[in-house]
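J.: This one is run.cif, mmCIF, N, CA and C atoms.
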data_data
#
loop_
_atom_site.label_atom_id
_atom_site.label_comp_id
_atom_site.auth_asym_id
_atom_site.auth_seq_id
_atom_site.Cartn_x
_atom_site.Cartn_y
_atom_site.Cartn_z
N MET A 3 -192.39 163.43 -99.62
CA MET A 3 -191.19 162.77 -99.17
C MET A 3 -191.30 162.55 -97.66
N LEU A 4 -190.88 161.37 -97.21
CA LEU A 4 -190.91 161.06 -95.79
C LEU A 4 -189.76 161.72 -95.06
N ARG A 5 -190.07 162.29 -93.93
CA ARG A 5 -189.02 162.89 -93.10
C ARG A 5 -188.46 161.81 -92.19
N PRO A 6 -187.14 161.81 -91.98
CA PRO A 6 -186.56 160.82 -91.07
C PRO A 6 -187.00 161.08 -89.63
N THR A 7 -187.12 160.01 -88.87
CA THR A 7 -187.50 160.15 -87.48
C THR A 7 -186.34 160.75 -86.68
N ALA A 8 -186.65 161.21 -85.50
CA ALA A 8 -185.61 161.79 -84.64
C ALA A 8 -184.54 160.75 -84.33
N PHE A 9 -184.97 159.49 -84.14
CA PHE A 9 -184.00 158.43 -83.86
C PHE A 9 -183.06 158.22 -85.04
N ALA A 10 -183.62 158.22 -86.25
CA ALA A 10 -182.79 158.03 -87.44
C ALA A 10 -181.78 159.16 -87.58
N VAL A 11 -182.20 160.36 -87.29
CA VAL A 11 -181.29 161.50 -87.35
C VAL A 11 -180.20 161.36 -86.28
N PHE A 12 -180.60 160.96 -85.08
CA PHE A 12 -179.64 160.77 -83.99
C PHE A 12 -178.60 159.70 -84.34
N VAL A 13 -179.06 158.59 -84.90
CA VAL A 13 -178.15 157.49 -85.24
C VAL A 13 -177.15 157.91 -86.31
N ARG A 14 -177.55 158.78 -87.19
CA ARG A 14 -176.63 159.22 -88.25
C ARG A 14 -175.60 160.22 -87.76
N SER A 15 -175.82 160.80 -86.59
CA SER A 15 -174.87 161.77 -86.06
C SER A 15 -173.68 161.06 -85.44
N HIS A 16 -172.59 161.78 -85.29
CA HIS A 16 -171.39 161.21 -84.67
C HIS A 16 -171.66 160.82 -83.22
N VAL A 17 -172.40 161.66 -82.52
CA VAL A 17 -172.72 161.37 -81.12
C VAL A 17 -173.61 160.13 -81.03
N GLY A 18 -174.58 160.04 -81.89
CA GLY A 18 -175.48 158.88 -81.88
C GLY A 18 -174.74 157.58 -82.16
N ARG A 19 -173.86 157.62 -83.14
CA ARG A 19 -173.07 156.41 -83.44
C ARG A 19 -172.17 156.04 -82.28
N ALA A 20 -171.59 157.03 -81.61
CA ALA A 20 -170.73 156.77 -80.46
C ALA A 20 -171.53 156.17 -79.30
N VAL A 21 -172.73 156.68 -79.08
CA VAL A 21 -173.58 156.15 -78.01
C VAL A 21 -173.96 154.70 -78.33
N LEU A 22 -174.36 154.43 -79.56
CA LEU A 22 -174.71 153.05 -79.94
C LEU A 22 -173.50 152.12 -79.87
N PHE A 23 -172.34 152.61 -80.24
CA PHE A 23 -171.12 151.82 -80.16
C PHE A 23 -170.83 151.45 -78.70
N ALA A 24 -170.93 152.44 -77.81
CA ALA A 24 -170.70 152.18 -76.38
C ALA A 24 -171.75 151.22 -75.83
N CYS A 25 -173.00 151.40 -76.21
CA CYS A 25 -174.06 150.48 -75.77
C CYS A 25 -173.80 149.07 -76.29
N GLY A 26 -173.28 148.98 -77.50
CA GLY A 26 -172.95 147.67 -78.06
C GLY A 26 -171.92 146.95 -77.21
N TRP A 27 -170.89 147.66 -76.79
CA TRP A 27 -169.86 147.03 -75.95
C TRP A 27 -170.36 146.68 -74.56
N VAL A 28 -171.23 147.52 -74.01
CA VAL A 28 -171.84 147.20 -72.71
C VAL A 28 -172.65 145.91 -72.85
N CYS A 29 -173.39 145.80 -73.93
CA CYS A 29 -174.19 144.59 -74.17
C CYS A 29 -173.31 143.36 -74.38
N VAL A 30 -172.18 143.53 -75.05
CA VAL A 30 -171.25 142.39 -75.22
C VAL A 30 -170.75 141.92 -73.86
N VAL A 31 -170.38 142.85 -73.00
CA VAL A 31 -169.87 142.48 -71.68
C VAL A 31 -170.96 141.76 -70.88
N ILE A 32 -172.18 142.30 -70.87
CA ILE A 32 -173.27 141.65 -70.15
C ILE A 32 -173.58 140.30 -70.78
N GLY A 33 -173.52 140.22 -72.10
CA GLY A 33 -173.78 138.95 -72.79
C GLY A 33 -172.76 137.89 -72.42
N VAL A 34 -171.50 138.25 -72.35
CA VAL A 34 -170.45 137.30 -71.96
C VAL A 34 -170.66 136.85 -70.52
N ILE A 35 -171.00 137.79 -69.65
CA ILE A 35 -171.30 137.43 -68.26
C ILE A 35 -172.49 136.47 -68.22
N GLY A 36 -173.49 136.74 -69.05
CA GLY A 36 -174.68 135.89 -69.10
C GLY A 36 -174.41 134.49 -69.62
N LEU A 37 -173.38 134.34 -70.43
CA LEU A 37 -173.03 133.00 -70.91
C LEU A 37 -172.40 132.17 -69.80
N VAL A 38 -171.86 132.84 -68.78
CA VAL A 38 -171.18 132.15 -67.69
C VAL A 38 -172.11 131.97 -66.48
N LEU A 39 -172.89 133.00 -66.16
CA LEU A 39 -173.74 132.95 -64.98
C LEU A 39 -175.15 132.47 -65.34
N PRO A 40 -175.69 131.57 -64.54
CA PRO A 40 -177.07 131.15 -64.78
C PRO A 40 -178.04 132.28 -64.44
N MET A 41 -179.17 132.28 -65.07
CA MET A 41 -180.27 133.23 -64.87
C MET A 41 -179.96 134.63 -65.41
N VAL A 42 -178.87 134.80 -66.13
CA VAL A 42 -178.60 136.07 -66.81
C VAL A 42 -178.70 135.78 -68.31
N PRO A 43 -179.62 136.45 -69.01
CA PRO A 43 -179.85 136.14 -70.41
C PRO A 43 -178.74 136.67 -71.33
N GLY A 44 -177.71 135.90 -71.55
CA GLY A 44 -176.56 136.35 -72.31
C GLY A 44 -176.84 136.61 -73.78
N VAL A 45 -177.54 135.70 -74.44
CA VAL A 45 -177.75 135.81 -75.89
C VAL A 45 -178.59 137.04 -76.24
N VAL A 46 -179.55 137.37 -75.40
CA VAL A 46 -180.37 138.55 -75.66
C VAL A 46 -179.49 139.79 -75.77
N PHE A 47 -178.52 139.91 -74.89
CA PHE A 47 -177.63 141.06 -74.92
C PHE A 47 -176.69 141.02 -76.11
N LEU A 48 -176.31 139.83 -76.54
CA LEU A 48 -175.47 139.73 -77.74
C LEU A 48 -176.26 140.13 -78.99
N ILE A 49 -177.52 139.76 -79.05
CA ILE A 49 -178.38 140.17 -80.16
C ILE A 49 -178.52 141.70 -80.16
N LEU A 50 -178.72 142.26 -78.98
CA LEU A 50 -178.82 143.72 -78.87
C LEU A 50 -177.51 144.39 -79.25
N ALA A 51 -176.38 143.80 -78.86
CA ALA A 51 -175.06 144.34 -79.23
C ALA A 51 -174.91 144.33 -80.75
N ALA A 52 -175.32 143.25 -81.40
CA ALA A 52 -175.22 143.19 -82.86
C ALA A 52 -176.06 144.28 -83.50
N TRP A 53 -177.24 144.54 -82.94
CA TRP A 53 -178.09 145.60 -83.46
C TRP A 53 -177.41 146.96 -83.31
N CYS A 54 -176.84 147.20 -82.12
CA CYS A 54 -176.13 148.47 -81.89
C CYS A 54 -174.96 148.62 -82.85
N PHE A 55 -174.18 147.56 -83.01
CA PHE A 55 -173.04 147.63 -83.92
C PHE A 55 -173.48 147.79 -85.37
N SER A 56 -174.63 147.22 -85.73
CA SER A 56 -175.09 147.35 -87.12
C SER A 56 -175.39 148.79 -87.48
N ARG A 57 -175.63 149.63 -86.48
CA ARG A 57 -175.91 151.04 -86.71
C ARG A 57 -174.75 151.95 -86.35
N SER A 58 -173.65 151.35 -85.84
CA SER A 58 -172.54 152.20 -85.44
C SER A 58 -171.19 151.76 -86.00
N SER A 59 -170.98 150.46 -86.18
CA SER A 59 -169.67 149.99 -86.64
C SER A 59 -169.80 148.65 -87.35
N MET A 60 -169.73 148.69 -88.67
CA MET A 60 -169.83 147.45 -89.44
C MET A 60 -168.68 146.50 -89.06
N ARG A 61 -167.53 147.06 -88.75
CA ARG A 61 -166.37 146.25 -88.39
C ARG A 61 -166.66 145.39 -87.16
N PHE A 62 -167.25 145.99 -86.12
CA PHE A 62 -167.51 145.23 -84.90
C PHE A 62 -168.75 144.36 -85.01
N GLU A 63 -169.69 144.74 -85.86
CA GLU A 63 -170.82 143.85 -86.14
C GLU A 63 -170.29 142.57 -86.79
N THR A 64 -169.41 142.72 -87.78
CA THR A 64 -168.81 141.57 -88.44
C THR A 64 -168.00 140.74 -87.46
N TRP A 65 -167.24 141.39 -86.60
CA TRP A 65 -166.46 140.68 -85.58
C TRP A 65 -167.37 139.83 -84.71
N LEU A 66 -168.47 140.41 -84.25
CA LEU A 66 -169.38 139.69 -83.36
C LEU A 66 -170.03 138.51 -84.08
N LEU A 67 -170.48 138.74 -85.30
CA LEU A 67 -171.16 137.67 -86.04
C LEU A 67 -170.21 136.54 -86.40
N ARG A 68 -168.94 136.83 -86.60
CA ARG A 68 -167.95 135.79 -86.96
C ARG A 68 -167.24 135.18 -85.75
N HIS A 69 -167.51 135.70 -84.56
CA HIS A 69 -166.84 135.19 -83.36
C HIS A 69 -167.27 133.72 -83.15
N PRO A 70 -166.30 132.83 -82.94
CA PRO A 70 -166.62 131.40 -82.84
C PRO A 70 -167.51 131.03 -81.66
N VAL A 71 -167.48 131.79 -80.58
CA VAL A 71 -168.31 131.47 -79.41
C VAL A 71 -169.56 132.35 -79.36
N LEU A 72 -169.40 133.63 -79.58
CA LEU A 72 -170.51 134.57 -79.42
C LEU A 72 -171.40 134.66 -80.66
N GLY A 73 -170.85 134.42 -81.83
CA GLY A 73 -171.57 134.67 -83.06
C GLY A 73 -172.67 133.70 -83.45
N PRO A 74 -172.50 132.38 -83.28
CA PRO A 74 -173.50 131.46 -83.83
C PRO A 74 -174.93 131.69 -83.35
N SER A 75 -175.12 132.00 -82.09
CA SER A 75 -176.49 132.22 -81.60
C SER A 75 -177.09 133.49 -82.19
N VAL A 76 -176.28 134.51 -82.40
CA VAL A 76 -176.78 135.75 -82.99
C VAL A 76 -177.13 135.52 -84.46
N VAL A 77 -176.27 134.80 -85.17
CA VAL A 77 -176.53 134.49 -86.58
C VAL A 77 -177.80 133.64 -86.71
N ALA A 78 -177.97 132.66 -85.82
CA ALA A 78 -179.17 131.81 -85.85
C ALA A 78 -180.42 132.64 -85.61
N TRP A 79 -180.35 133.57 -84.67
CA TRP A 79 -181.49 134.42 -84.39
C TRP A 79 -181.83 135.28 -85.61
N ARG A 80 -180.82 135.85 -86.23
CA ARG A 80 -181.07 136.69 -87.41
C ARG A 80 -181.59 135.86 -88.59
N ALA A 81 -181.20 134.61 -88.65
CA ALA A 81 -181.62 133.76 -89.77
C ALA A 81 -183.09 133.40 -89.71
N GLY A 82 -183.69 133.47 -88.57
CA GLY A 82 -185.10 133.12 -88.50
C GLY A 82 -185.65 132.99 -87.10
N GLY A 83 -185.08 133.72 -86.16
CA GLY A 83 -185.59 133.66 -84.79
C GLY A 83 -185.36 132.33 -84.12
N ILE A 84 -184.28 131.67 -84.49
CA ILE A 84 -183.99 130.32 -84.01
C ILE A 84 -183.39 130.37 -82.60
N ILE A 85 -183.97 129.56 -81.70
CA ILE A 85 -183.43 129.38 -80.36
C ILE A 85 -183.17 127.88 -80.21
N PRO A 86 -181.91 127.48 -80.00
CA PRO A 86 -181.59 126.05 -79.88
C PRO A 86 -182.31 125.41 -78.68
N ARG A 87 -182.56 124.12 -78.78
CA ARG A 87 -183.27 123.39 -77.73
C ARG A 87 -182.57 123.52 -76.38
N LYS A 88 -181.25 123.43 -76.37
CA LYS A 88 -180.50 123.55 -75.12
C LYS A 88 -180.78 124.90 -74.46
N ALA A 89 -180.81 125.96 -75.25
CA ALA A 89 -181.08 127.30 -74.71
C ALA A 89 -182.51 127.39 -74.20
N LYS A 90 -183.44 126.75 -74.89
CA LYS A 90 -184.83 126.74 -74.43
C LYS A 90 -184.95 126.03 -73.08
N LEU A 91 -184.29 124.90 -72.96
CA LEU A 91 -184.36 124.16 -71.70
C LEU A 91 -183.72 124.95 -70.56
N LEU A 92 -182.61 125.57 -70.84
CA LEU A 92 -181.95 126.39 -69.83
C LEU A 92 -182.84 127.58 -69.44
N ALA A 93 -183.47 128.21 -70.41
CA ALA A 93 -184.38 129.32 -70.13
C ALA A 93 -185.55 128.84 -69.28
N GLY A 94 -186.11 127.68 -69.63
CA GLY A 94 -187.22 127.13 -68.86
C GLY A 94 -186.83 126.84 -67.43
N ALA A 95 -185.66 126.24 -67.25
CA ALA A 95 -185.19 125.95 -65.89
C ALA A 95 -184.96 127.24 -65.10
N SER A 96 -184.42 128.24 -65.76
CA SER A 96 -184.20 129.52 -65.08
C SER A 96 -185.52 130.18 -64.68
N ILE A 97 -186.51 130.07 -65.54
CA ILE A 97 -187.82 130.64 -65.23
C ILE A 97 -188.45 129.93 -64.04
N VAL A 98 -188.37 128.61 -64.03
CA VAL A 98 -188.92 127.84 -62.91
C VAL A 98 -188.18 128.20 -61.61
N LEU A 99 -186.87 128.27 -61.67
CA LEU A 99 -186.10 128.64 -60.49
C LEU A 99 -186.47 130.05 -60.02
N GLY A 100 -186.62 130.96 -60.96
CA GLY A 100 -187.03 132.32 -60.61
C GLY A 100 -188.41 132.34 -59.96
N ALA A 101 -189.32 131.51 -60.46
CA ALA A 101 -190.67 131.44 -59.89
C ALA A 101 -190.63 130.91 -58.46
N VAL A 102 -189.81 129.88 -58.23
CA VAL A 102 -189.69 129.32 -56.89
C VAL A 102 -189.08 130.35 -55.94
N LEU A 103 -188.02 131.02 -56.38
CA LEU A 103 -187.40 132.04 -55.54
C LEU A 103 -188.36 133.19 -55.25
N ALA A 104 -189.15 133.57 -56.24
CA ALA A 104 -190.13 134.64 -56.04
C ALA A 104 -191.18 134.22 -55.00
N TRP A 105 -191.59 132.97 -55.05
CA TRP A 105 -192.59 132.45 -54.12
C TRP A 105 -192.10 132.59 -52.67
N PHE A 106 -190.84 132.26 -52.45
CA PHE A 106 -190.28 132.29 -51.11
C PHE A 106 -189.74 133.67 -50.71
N SER A 107 -189.87 134.65 -51.58
CA SER A 107 -189.32 135.98 -51.29
C SER A 107 -190.18 136.78 -50.33
N GLY A 108 -191.42 136.38 -50.18
CA GLY A 108 -192.31 137.14 -49.31
C GLY A 108 -192.92 138.35 -50.00
N ALA A 109 -192.83 138.38 -51.31
CA ALA A 109 -193.41 139.49 -52.07
C ALA A 109 -194.93 139.46 -51.96
N PRO A 110 -195.56 140.63 -52.07
CA PRO A 110 -197.03 140.67 -52.02
C PRO A 110 -197.65 139.91 -53.19
N GLY A 111 -198.87 139.48 -53.02
CA GLY A 111 -199.56 138.68 -54.03
C GLY A 111 -199.63 139.33 -55.39
N TRP A 112 -199.88 140.65 -55.41
CA TRP A 112 -199.98 141.33 -56.71
C TRP A 112 -198.64 141.31 -57.44
N ALA A 113 -197.55 141.42 -56.69
CA ALA A 113 -196.22 141.39 -57.32
C ALA A 113 -195.92 140.00 -57.87
N LEU A 114 -196.31 138.98 -57.12
CA LEU A 114 -196.13 137.61 -57.62
C LEU A 114 -196.95 137.38 -58.87
N ALA A 115 -198.18 137.90 -58.89
CA ALA A 115 -199.03 137.74 -60.07
C ALA A 115 -198.40 138.39 -61.29
N VAL A 116 -197.85 139.58 -61.12
CA VAL A 116 -197.19 140.28 -62.23
C VAL A 116 -195.95 139.49 -62.67
N ALA A 117 -195.15 139.05 -61.70
CA ALA A 117 -193.93 138.30 -62.03
C ALA A 117 -194.28 137.00 -62.75
N TYR A 118 -195.26 136.27 -62.26
CA TYR A 118 -195.63 134.99 -62.89
C TYR A 118 -196.22 135.20 -64.28
N THR A 119 -196.96 136.29 -64.46
CA THR A 119 -197.50 136.59 -65.78
C THR A 119 -196.37 136.86 -66.76
N CYS A 120 -195.39 137.67 -66.34
CA CYS A 120 -194.24 137.97 -67.20
C CYS A 120 -193.44 136.70 -67.51
N MET A 121 -193.24 135.87 -66.49
CA MET A 121 -192.49 134.62 -66.70
C MET A 121 -193.23 133.70 -67.66
N THR A 122 -194.54 133.62 -67.52
CA THR A 122 -195.33 132.76 -68.41
C THR A 122 -195.26 133.27 -69.85
N LEU A 123 -195.38 134.57 -70.03
CA LEU A 123 -195.30 135.14 -71.38
C LEU A 123 -193.91 134.93 -71.99
N ALA A 124 -192.88 135.12 -71.17
CA ALA A 124 -191.51 134.90 -71.66
C ALA A 124 -191.30 133.45 -72.05
N ALA A 125 -191.78 132.52 -71.22
CA ALA A 125 -191.64 131.10 -71.53
C ALA A 125 -192.41 130.75 -72.80
N ALA A 126 -193.61 131.29 -72.95
CA ALA A 126 -194.39 131.02 -74.15
C ALA A 126 -193.67 131.51 -75.40
N TYR A 127 -193.07 132.69 -75.30
CA TYR A 127 -192.34 133.23 -76.44
C TYR A 127 -191.14 132.35 -76.78
N VAL A 128 -190.34 132.00 -75.79
CA VAL A 128 -189.14 131.20 -76.03
C VAL A 128 -189.50 129.84 -76.62
N PHE A 129 -190.50 129.18 -76.05
CA PHE A 129 -190.80 127.82 -76.49
C PHE A 129 -191.58 127.75 -77.80
N THR A 130 -192.05 128.89 -78.30
CA THR A 130 -192.70 128.87 -79.62
C THR A 130 -191.77 129.28 -80.75
N ARG A 131 -190.52 129.61 -80.44
CA ARG A 131 -189.54 129.93 -81.48
C ARG A 131 -189.05 128.64 -82.12
N PRO A 132 -188.68 128.70 -83.40
CA PRO A 132 -188.15 127.51 -84.06
C PRO A 132 -186.80 127.09 -83.48
N GLU A 133 -186.50 125.78 -83.59
CA GLU A 133 -185.25 125.26 -83.07
C GLU A 133 -184.17 125.14 -84.15
N GLY A 134 -184.53 125.28 -85.37
CA GLY A 134 -183.53 125.28 -86.44
C GLY A 134 -183.06 123.94 -86.90
#
So, in terms of structure tokens, how does the structure I just supplied come out?
T.:
Amino acid sequence: MLRPTAFAVFVRSHVGRAVLFACGWVCVVIGVIGLVLPMVPGVVFLILAAWCFSRSSMRFETWLLRHPVLGPSVVAWRAGGIIPRKAKLLAGASIVLGAVLAWFSGAPGWALAVAYTCMTLAAAYVFTRPEG
């Protein structure tokens, strides 16, 4: 018989569920801020919030998935990793802006190399997701 992992045991506890519930709400707040502010990845935090709620509160997971503004992108992601074209273009523009700002920041060359590598990998991931 397989033994449950420490994380699985933690999630089943009252404390674990409370921690995930609180993390879910923190992610919702950051996600809402991200929908308003450029260069803050809002949908990523909403997806994470849905994951937290799925392990802590079915009621709030359902609320998030059915929310007319916050829910559609999370539902699309769960349906097949779908990222809408508008979101891809916004992500691409944010990455380019971040790269330009990093260039003018005066950061050392190794830090720019790491930042540009991460940005390139993130862009590759986003642009290879289906558009639905």
J.: Residues at most 9 Å from Ala52 in chain A, counting only C-alpha atoms, excluding those fewer than 6 positions away in the same chain, as a list in words?
T.: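 Non-adjacent residues within range: Gly26, Cys29, Val30, Phe62, Glu63, Thr64, Leu66, Leu67 and Val76 of chain A.
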J.: Which value, in Å to one decimal, gives the distance between CA of Val128 in chain A and atom N of Val71 in chain A?
T.: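 Atom-to-atom, CA of Val128 in chain A to atom N of Val71 in chain A, that is 22.1 Å.
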J.: To one decimal place, how far is CA of Ser75 in chain A from CA of Gly94 in chain A in Å?
T.: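 One can read the CA of Ser75 in chain A to CA of Gly94 in chain A distance as 17.4 Å.
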J.: Could you work out how far atom C of Gly100 in chain A lies from atom C of Trp112 in chain A, giving the answer in Å with one decimal?
T.: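 Separation of atom C of Trp112 in chain A and atom C of Gly100 in chain A: 13.8 Å.
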J.: Can you tell me, as a ChimeraX atom specification, which residues in chain A count as helix (DSSP H, G or I) by DSSP?
T.: /A:8-14,16-38,44-56,60-68,73-82,87-105,111-129
J.: As a PDB file with N, CA and C atoms, in the frame of the given file, please: the residues near Gly134 in chain A (cut-off 9 Å, only C-alpha atoms, same-chain neighbours under 3 positions excluded).
T.:
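Ended up saving to result_2.pdb:
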ATOM      1  N   ALA A  78    -177.970 132.660 -85.820  1.00  0.00           N
ATOM      2  CA  ALA A  78    -179.170 131.810 -85.850  1.00  0.00           C
ATOM      3  C   ALA A  78    -180.420 132.640 -85.610  1.00  0.00           C
ATOM      4  N   GLY A  82    -183.690 133.470 -88.570  1.00  0.00           N
ATOM      5  CA  GLY A  82    -185.100 133.120 -88.500  1.00  0.00           C
ATOM      6  C   GLY A  82    -185.650 132.990 -87.100  1.00  0.00           C
ATOM      7  N   GLY A  83    -185.080 133.720 -86.160  1.00  0.00           N
ATOM      8  CA  GLY A  83    -185.590 133.660 -84.790  1.00  0.00           C
ATOM      9  C   GLY A  83    -185.360 132.330 -84.120  1.00  0.00           C
ATOM     10  N   ILE A  84    -184.280 131.670 -84.490  1.00  0.00           N
ATOM     11  CA  ILE A  84    -183.990 130.320 -84.010  1.00  0.00           C
ATOM     12  C   ILE A  84    -183.390 130.370 -82.600  1.00  0.00           C
ATOM     13  N   ILE A  85    -183.970 129.560 -81.700  1.00  0.00           N
ATOM     14  CA  ILE A  85    -183.430 129.380 -80.360  1.00  0.00           C
ATOM     15  C   ILE A  85    -183.170 127.880 -80.210  1.00  0.00           C
ATOM     16  N   PRO A  86    -181.910 127.480 -80.000  1.00  0.00           N
ATOM     17  CA  PRO A  86    -181.590 126.050 -79.880  1.00  0.00           C
ATOM     18  C   PRO A  86    -182.310 125.410 -78.680  1.00  0.00           C
ATOM     19  N   ARG A  87    -182.560 124.120 -78.780  1.00  0.00           N
ATOM     20  CA  ARG A  87    -183.270 123.390 -77.730  1.00  0.00           C
ATOM     21  C   ARG A  87    -182.570 123.520 -76.380  1.00  0.00           C
TER      22      ARG A  87
END
J.: Convert the output of the PyMOL selection byres (((chain A and resi 96 and name CA) around 10) and name CA) on the shown file into explicit residues, formatted as an mmCIF file with N, CA and C atoms, in the coordinates of the input.
T.:
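Result file follows (result-v9.cif):
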data_model
loop_
_atom_site.group_PDB
_atom_site.id
_atom_site.type_symbol
_atom_site.label_atom_id
_atom_site.label_comp_id
_atom_site.auth_asym_id
_atom_site.auth_seq_id
_atom_site.Cartn_x
_atom_site.Cartn_y
_atom_site.Cartn_z
ATOM 1 N N PRO A 40 -175.690 131.570 -64.540
ATOM 2 C CA PRO A 40 -177.070 131.150 -64.780
ATOM 3 C C PRO A 40 -178.040 132.280 -64.440
ATOM 4 N N MET A 41 -179.170 132.280 -65.070
ATOM 5 C CA MET A 41 -180.270 133.230 -64.870
ATOM 6 C C MET A 41 -179.960 134.630 -65.410
ATOM 7 N N VAL A 42 -178.870 134.800 -66.130
ATOM 8 C CA VAL A 42 -178.600 136.070 -66.810
ATOM 9 C C VAL A 42 -178.700 135.780 -68.310
ATOM 10 N N PRO A 43 -179.620 136.450 -69.010
ATOM 11 C CA PRO A 43 -179.850 136.140 -70.410
ATOM 12 C C PRO A 43 -178.740 136.670 -71.330
ATOM 13 N N LYS A 90 -183.440 126.750 -74.890
ATOM 14 C CA LYS A 90 -184.830 126.740 -74.430
ATOM 15 C C LYS A 90 -184.950 126.030 -73.080
ATOM 16 N N LEU A 91 -184.290 124.900 -72.960
ATOM 17 C CA LEU A 91 -184.360 124.160 -71.700
ATOM 18 C C LEU A 91 -183.720 124.950 -70.560
ATOM 19 N N LEU A 92 -182.610 125.570 -70.840
ATOM 20 C CA LEU A 92 -181.950 126.390 -69.830
ATOM 21 C C LEU A 92 -182.840 127.580 -69.440
ATOM 22 N N ALA A 93 -183.470 128.210 -70.410
ATOM 23 C CA ALA A 93 -184.380 129.320 -70.130
ATOM 24 C C ALA A 93 -185.550 128.840 -69.280
ATOM 25 N N GLY A 94 -186.110 127.680 -69.630
ATOM 26 C CA GLY A 94 -187.220 127.130 -68.860
ATOM 27 C C GLY A 94 -186.830 126.840 -67.430
ATOM 28 N N ALA A 95 -185.660 126.240 -67.250
ATOM 29 C CA ALA A 95 -185.190 125.950 -65.890
ATOM 30 C C ALA A 95 -184.960 127.240 -65.100
ATOM 31 N N ILE A 97 -186.510 130.070 -65.540
ATOM 32 C CA ILE A 97 -187.820 130.640 -65.230
ATOM 33 C C ILE A 97 -188.450 129.930 -64.040
ATOM 34 N N VAL A 98 -188.370 128.610 -64.030
ATOM 35 C CA VAL A 98 -188.920 127.840 -62.910
ATOM 36 C C VAL A 98 -188.180 128.200 -61.610
ATOM 37 N N LEU A 99 -186.870 128.270 -61.670
ATOM 38 C CA LEU A 99 -186.100 128.640 -60.490
ATOM 39 C C LEU A 99 -186.470 130.050 -60.020
ATOM 40 N N GLY A 100 -186.620 130.960 -60.960
ATOM 41 C CA GLY A 100 -187.030 132.320 -60.610
ATOM 42 C C GLY A 100 -188.410 132.340 -59.960
ATOM 43 N N ALA A 101 -189.320 131.510 -60.460
ATOM 44 C CA ALA A 101 -190.670 131.440 -59.890
ATOM 45 C C ALA A 101 -190.630 130.910 -58.460
ATOM 46 N N VAL A 102 -189.810 129.880 -58.230
ATOM 47 C CA VAL A 102 -189.690 129.320 -56.890
ATOM 48 C C VAL A 102 -189.080 130.350 -55.940
ATOM 49 N N MET A 121 -193.240 135.870 -66.490
ATOM 50 C CA MET A 121 -192.490 134.620 -66.700
ATOM 51 C C MET A 121 -193.230 133.700 -67.660
ATOM 52 N N ALA A 125 -191.780 132.520 -71.220
ATOM 53 C CA ALA A 125 -191.640 131.100 -71.530
ATOM 54 C C ALA A 125 -192.410 130.750 -72.800
#
J.: Check the smallest atom-to-atom distance from each of A:Arg80, A:Trp27, A:Gly73, A:Phe129 to Cys54 in chain A using only N, CA and C atoms, then report the winner.
T.: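 When distances to Cys54 in chain A are compared using only N, CA and C atoms, the smallest one comes from A:Trp27.
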J.: Can you give me, as a PyMOL selection string, the residues this file yields under the PyMOL selection byres ((chain A and resi 57) around 8)?
T.: chain A and resi 13-14+18-20+22-23+51-56+58-60+63
J.: Which residue, A:Leu72, A:Thr119, A:Pro132, A:His16, has the smallest gap to Leu37 in chain A when you use only C-alpha atoms?
T.: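 Under the stated criterion, the closest residue is A:Leu72.
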